[in-house]
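Scroll down for the structure; my scribbles are underneath it.
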Amino acid sequence: MPEPNRDRPPDAAQPPEAAERDSALRRYSAHIALALALAAAVGGGFGWALDRPEPRLVEITIPTPAPLVVHMSGAVNSPGVHVLPPGSRLGDAITAAGGAAATADTESLNLAAHVADGSRINIPLEGDNAAVVAGQAPPPPGAGDTGTNPTTSGLVDLNTASLAELMDLPGIGEVRGQSIIQFRSSNGPINGVADLLAVDGIGVKTVDSIRPLVAQQ
């Protein structure tokens, strides 16, 4: 009996139906393997997402500016200690103190000047500045011949004085002198010596002591 041909492919002896079934089985097995690989990949990615630490929220706190506390005195309707919002001006402080009295001299004040926390602000009466000017020593002889204003001759100009010139004034040291320079840089020209009451560290006694020595009355 002749032996079968060993070089013939195994499928050559199968019926067409069996060969087609085997091919479909191989395709199905390949699809199953691919699906399992995809499931493993997706499962691994999902597990990584679960294990990943959640982002930490950073809370940023913006400090609230503290209110200003000032002592109002002089020609105001409600003198005393008053609390003002941050950034208040001298005009706001006068309003908080019940407004200026009928006898107040507000023309000599810079109502737009910033108010410093912890300061005492004295609102002058009408005639206070005139009385001080009248009590000044007369200018030296010949001052009028030089073209110099006799009212301001020999006086310190608060708007142009250097730190050294400011420190020559009674009660004004280096710190207060620097504060005056910073004040006039931030608020503009000083119209009257009473404007210095809005400068931190300068009170009524200091203003009264330097009033006869400065040009701004």
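Ligands are numbered from 1 in the order shown, chains are lettered A, B, ... in the order of the structure tokens, and residues start at 1 in each chain.
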(request) Report the residues of region 66-208 of chain A whose backbone DSSP state falls under strand (DSSP E), written as a list in words. (result) Leu68, Val69, Val70, His71, Met72, Ser73, Gly74, Gly80, Val81, His82, Val83, Leu84, Arg120, Ile121, Asn122 and Ile123 of chain A
With C-alpha atoms kept, could you save the residues just selected as a PDB file, in the first residue's frame?
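Done, and the output landed in result-v4.pdb:
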ATOM      1  CA  LEU A  68      -6.466 104.729  60.052  1.00  0.00           C
ATOM      2  CA  VAL A  69      -6.899 106.120  63.553  1.00  0.00           C
ATOM      3  CA  VAL A  70      -6.352 109.871  63.949  1.00  0.00           C
ATOM      4  CA  HIS A  71      -6.871 112.448  66.684  1.00  0.00           C
ATOM      5  CA  MET A  72      -8.715 115.501  65.376  1.00  0.00           C
ATOM      6  CA  SER A  73      -8.452 118.727  67.339  1.00  0.00           C
ATOM      7  CA  GLY A  74      -8.900 122.442  66.834  1.00  0.00           C
ATOM      8  CA  GLY A  80     -11.422 113.470  69.311  1.00  0.00           C
ATOM      9  CA  VAL A  81     -10.246 110.113  67.990  1.00  0.00           C
ATOM     10  CA  HIS A  82     -11.785 108.982  64.697  1.00  0.00           C
ATOM     11  CA  VAL A  83     -11.364 105.850  62.573  1.00  0.00           C
ATOM     12  CA  LEU A  84     -10.947 106.395  58.823  1.00  0.00           C
ATOM     13  CA  ARG A 120      -2.918 114.205  65.579  1.00  0.00           C
ATOM     14  CA  ILE A 121      -4.361 116.811  63.234  1.00  0.00           C
ATOM     15  CA  ASN A 122      -5.140 120.307  64.493  1.00  0.00           C
ATOM     16  CA  ILE A 123      -7.400 122.464  62.332  1.00  0.00           C
TER      17      ILE A 123
END
When you look at Leu163 (chain A) with a cut-off of 10 Å (counting only C-alpha atoms), what residues show up, excluding the ones that are within fewer than 3 positions of it in the same chain? I need them as a PDB file with all heavy atoms, in the first residue's frame.
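In the end it all went to around.pdb:
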ATOM      1  N   THR A 160      11.199 123.470  48.943  1.00  0.00           N
ATOM      2  CA  THR A 160      12.492 123.355  48.243  1.00  0.00           C
ATOM      3  C   THR A 160      13.650 123.056  49.185  1.00  0.00           C
ATOM      4  O   THR A 160      14.765 122.788  48.718  1.00  0.00           O
ATOM      5  CB  THR A 160      12.789 124.661  47.476  1.00  0.00           C
ATOM      6  OG1 THR A 160      12.856 125.758  48.407  1.00  0.00           O
ATOM      7  CG2 THR A 160      11.716 124.935  46.446  1.00  0.00           C
ATOM      8  N   LEU A 166      16.074 121.312  56.490  1.00  0.00           N
ATOM      9  CA  LEU A 166      14.931 120.931  57.320  1.00  0.00           C
ATOM     10  C   LEU A 166      15.371 120.518  58.717  1.00  0.00           C
ATOM     11  O   LEU A 166      14.690 120.794  59.710  1.00  0.00           O
ATOM     12  CB  LEU A 166      14.169 119.786  56.651  1.00  0.00           C
ATOM     13  CG  LEU A 166      13.438 120.139  55.353  1.00  0.00           C
ATOM     14  CD1 LEU A 166      12.863 118.882  54.709  1.00  0.00           C
ATOM     15  CD2 LEU A 166      12.313 121.140  55.617  1.00  0.00           C
ATOM     16  N   MET A 167      16.520 119.867  58.817  1.00  0.00           N
ATOM     17  CA  MET A 167      17.016 119.411  60.120  1.00  0.00           C
ATOM     18  C   MET A 167      17.465 120.572  61.009  1.00  0.00           C
ATOM     19  O   MET A 167      17.616 120.398  62.220  1.00  0.00           O
ATOM     20  CB  MET A 167      18.158 118.408  59.928  1.00  0.00           C
ATOM     21  CG  MET A 167      17.714 117.077  59.319  1.00  0.00           C
ATOM     22  SD  MET A 167      19.092 115.965  58.924  1.00  0.00           S
ATOM     23  CE  MET A 167      19.822 115.736  60.560  1.00  0.00           C
ATOM     24  N   ASP A 168      17.663 121.745  60.406  1.00  0.00           N
ATOM     25  CA  ASP A 168      18.011 122.925  61.210  1.00  0.00           C
ATOM     26  C   ASP A 168      16.794 123.476  61.951  1.00  0.00           C
ATOM     27  O   ASP A 168      16.941 124.270  62.889  1.00  0.00           O
ATOM     28  CB  ASP A 168      18.602 124.021  60.311  1.00  0.00           C
ATOM     29  CG  ASP A 168      20.026 123.700  59.877  1.00  0.00           C
ATOM     30  OD1 ASP A 168      20.672 122.885  60.571  1.00  0.00           O
ATOM     31  OD2 ASP A 168      20.465 124.237  58.847  1.00  0.00           O
ATOM     32  N   ILE A 172      12.817 118.945  64.167  1.00  0.00           N
ATOM     33  CA  ILE A 172      12.893 118.187  62.909  1.00  0.00           C
ATOM     34  C   ILE A 172      14.270 117.519  62.829  1.00  0.00           C
ATOM     35  O   ILE A 172      15.284 118.192  62.631  1.00  0.00           O
ATOM     36  CB  ILE A 172      12.672 119.089  61.680  1.00  0.00           C
ATOM     37  CG1 ILE A 172      11.349 119.818  61.791  1.00  0.00           C
ATOM     38  CG2 ILE A 172      12.729 118.258  60.405  1.00  0.00           C
ATOM     39  CD1 ILE A 172      10.144 118.910  61.817  1.00  0.00           C
ATOM     40  N   GLY A 173      14.293 116.212  63.017  1.00  0.00           N
ATOM     41  CA  GLY A 173      15.527 115.457  62.857  1.00  0.00           C
ATOM     42  C   GLY A 173      15.577 114.829  61.473  1.00  0.00           C
ATOM     43  O   GLY A 173      14.832 115.189  60.566  1.00  0.00           O
ATOM     44  N   GLU A 174      16.462 113.873  61.332  1.00  0.00           N
ATOM     45  CA  GLU A 174      16.640 113.241  60.019  1.00  0.00           C
ATOM     46  C   GLU A 174      15.378 112.486  59.594  1.00  0.00           C
ATOM     47  O   GLU A 174      14.951 112.563  58.443  1.00  0.00           O
ATOM     48  CB  GLU A 174      17.836 112.293  60.050  1.00  0.00           C
ATOM     49  CG  GLU A 174      18.108 111.622  58.702  1.00  0.00           C
ATOM     50  CD  GLU A 174      19.345 110.763  58.722  1.00  0.00           C
ATOM     51  OE1 GLU A 174      20.005 110.683  59.799  1.00  0.00           O
ATOM     52  OE2 GLU A 174      19.668 110.168  57.683  1.00  0.00           O
ATOM     53  N   VAL A 175      14.770 111.744  60.526  1.00  0.00           N
ATOM     54  CA  VAL A 175      13.588 110.940  60.174  1.00  0.00           C
ATOM     55  C   VAL A 175      12.426 111.841  59.770  1.00  0.00           C
ATOM     56  O   VAL A 175      11.774 111.630  58.738  1.00  0.00           O
ATOM     57  CB  VAL A 175      13.189 110.037  61.358  1.00  0.00           C
ATOM     58  CG1 VAL A 175      11.877 109.313  61.050  1.00  0.00           C
ATOM     59  CG2 VAL A 175      14.289 109.022  61.640  1.00  0.00           C
ATOM     60  N   ARG A 176      12.158 112.882  60.565  1.00  0.00           N
ATOM     61  CA  ARG A 176      11.052 113.784  60.230  1.00  0.00           C
ATOM     62  C   ARG A 176      11.346 114.579  58.966  1.00  0.00           C
ATOM     63  O   ARG A 176      10.446 114.860  58.175  1.00  0.00           O
ATOM     64  CB  ARG A 176      10.771 114.719  61.398  1.00  0.00           C
ATOM     65  CG  ARG A 176      10.145 114.021  62.606  1.00  0.00           C
ATOM     66  CD  ARG A 176       9.873 114.987  63.738  1.00  0.00           C
ATOM     67  NE  ARG A 176       9.214 114.319  64.857  1.00  0.00           N
ATOM     68  CZ  ARG A 176       8.900 114.910  66.000  1.00  0.00           C
ATOM     69  NH1 ARG A 176       9.174 116.201  66.167  1.00  0.00           N
ATOM     70  NH2 ARG A 176       8.305 114.227  66.969  1.00  0.00           N
ATOM     71  N   GLY A 177      12.616 114.933  58.785  1.00  0.00           N
ATOM     72  CA  GLY A 177      12.986 115.647  57.559  1.00  0.00           C
ATOM     73  C   GLY A 177      12.736 114.790  56.323  1.00  0.00           C
ATOM     74  O   GLY A 177      12.201 115.276  55.318  1.00  0.00           O
ATOM     75  N   GLN A 178      13.113 113.521  56.407  1.00  0.00           N
ATOM     76  CA  GLN A 178      12.846 112.619  55.281  1.00  0.00           C
ATOM     77  C   GLN A 178      11.346 112.465  55.068  1.00  0.00           C
ATOM     78  O   GLN A 178      10.878 112.375  53.924  1.00  0.00           O
ATOM     79  CB  GLN A 178      13.475 111.249  55.552  1.00  0.00           C
ATOM     80  CG  GLN A 178      14.999 111.223  55.519  1.00  0.00           C
ATOM     81  CD  GLN A 178      15.559 111.280  54.107  1.00  0.00           C
ATOM     82  OE1 GLN A 178      14.835 111.474  53.142  1.00  0.00           O
ATOM     83  NE2 GLN A 178      16.861 111.103  53.994  1.00  0.00           N
ATOM     84  N   SER A 179      10.572 112.435  56.154  1.00  0.00           N
ATOM     85  CA  SER A 179       9.115 112.314  56.031  1.00  0.00           C
ATOM     86  C   SER A 179       8.518 113.531  55.332  1.00  0.00           C
ATOM     87  O   SER A 179       7.586 113.405  54.529  1.00  0.00           O
ATOM     88  CB  SER A 179       8.482 112.136  57.415  1.00  0.00           C
ATOM     89  OG  SER A 179       8.929 110.938  58.029  1.00  0.00           O
ATOM     90  N   ILE A 180       9.050 114.724  55.617  1.00  0.00           N
ATOM     91  CA  ILE A 180       8.557 115.938  54.954  1.00  0.00           C
ATOM     92  C   ILE A 180       8.856 115.885  53.463  1.00  0.00           C
ATOM     93  O   ILE A 180       8.002 116.207  52.620  1.00  0.00           O
ATOM     94  CB  ILE A 180       9.177 117.192  55.595  1.00  0.00           C
ATOM     95  CG1 ILE A 180       8.677 117.349  57.047  1.00  0.00           C
ATOM     96  CG2 ILE A 180       8.854 118.440  54.786  1.00  0.00           C
ATOM     97  CD1 ILE A 180       9.337 118.480  57.809  1.00  0.00           C
ATOM     98  N   ILE A 181      10.067 115.446  53.108  1.00  0.00           N
ATOM     99  CA  ILE A 181      10.445 115.358  51.689  1.00  0.00           C
ATOM    100  C   ILE A 181       9.560 114.343  50.977  1.00  0.00           C
ATOM    101  O   ILE A 181       9.081 114.578  49.858  1.00  0.00           O
ATOM    102  CB  ILE A 181      11.933 114.988  51.564  1.00  0.00           C
ATOM    103  CG1 ILE A 181      12.803 116.131  52.103  1.00  0.00           C
ATOM    104  CG2 ILE A 181      12.291 114.681  50.117  1.00  0.00           C
ATOM    105  CD1 ILE A 181      14.291 115.822  52.143  1.00  0.00           C
TER     106      ILE A 181
END
(request) Would you mind listing what lies within 9 Å of Ile210 (chain A) as an MDAnalysis selection string, with only C-alpha atoms counted and same-chain residues fewer than 4 positions away left out? (result) chainID A and resid 169:172 193 205:206 214
